[in-house]
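Report on the structure given below.
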Amino acid sequence: FGFAGLRPWLFWPAAATVGIALIGIGLFLARQAGWPPEFAREDINRDGQVDILDAFALARAVRGGDQPSSLDLNGDGTVDGRDAEQIAAQAVKLEKGGRS
């Protein structure tokens, strides 16, 4: 018993099918585990939280001339300091009903 009786024209397509299936299963399991991570649009520095550092990062990008349209957070058609202000306001917003 062995591979001597196995025809090569049968082996390679079967091996390729198994390889593709393993890649597909791996990608499915990775997606179920949360990979790649999804970030909020306002999370400019991609650290997992929207905070004042994101507002600073956007303000720095705008000042440097980098204005990708995906960062138009207030929907006015331009990426400017008002978008950074919106992130800053969201970052310092307090929840209602909490104790101080």
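Just so we're on the same page: first chain in the structure tokens is A, next is B, and so on; residues restart at 1 for each chain, and ligands are numbered from 1 in the order they show up.
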### Selection near region 52-69 of chain A, 9 Å with only C-alpha atoms, sequence-local residues under 4 positions removed, as number ranges by chain
A: 42-46, 73, 77-81, 83-92
### Query
Can you tell me how far CA of Gly48 (chain A) sits from CA of Gly34 (chain A), in Å to one decimal?
13.0 Å
### Test item, helix (DSSP H, G or I) assignment across region 54-92 of chain A, answer as a VMD selection string
chain A and resid 54 to 63 69 to 71 81 to 92
How would the residues just picked look written out with C-alpha atoms as a short mmCIF file (atom, residue, chain, number, x, y, z; two decimals), in the first residue's frame?
data_model
loop_
_atom_site.label_atom_id
_atom_site.label_comp_id
_atom_site.auth_asym_id
_atom_site.auth_seq_id
_atom_site.Cartn_x
_atom_site.Cartn_y
_atom_site.Cartn_z
CA ASP A 54 -8.09 61.19 17.70
CA ALA A 55 -9.16 64.84 17.50
CA PHE A 56 -5.52 65.90 17.72
CA ALA A 57 -4.54 63.40 15.01
CA LEU A 58 -7.25 64.66 12.65
CA ALA A 59 -6.36 68.31 13.33
CA ARG A 60 -2.70 67.54 12.59
CA ALA A 61 -3.65 65.74 9.35
CA VAL A 62 -5.83 68.65 8.23
CA ARG A 63 -3.09 71.14 9.04
CA SER A 69 -13.07 62.49 2.18
CA SER A 70 -13.81 59.50 4.43
CA LEU A 71 -12.97 61.74 7.41
CA GLY A 81 -11.21 71.66 11.95
CA ARG A 82 -14.95 71.25 12.51
CA ASP A 83 -14.56 67.51 12.00
CA ALA A 84 -11.82 67.44 14.64
CA GLU A 85 -14.07 69.50 16.94
CA GLN A 86 -16.82 66.91 16.51
CA ILE A 87 -14.45 64.14 17.64
CA ALA A 88 -13.29 66.27 20.58
CA ALA A 89 -16.90 66.91 21.65
CA GLN A 90 -17.68 63.21 21.45
CA ALA A 91 -14.55 62.33 23.41
CA VAL A 92 -15.35 64.60 26.38
#
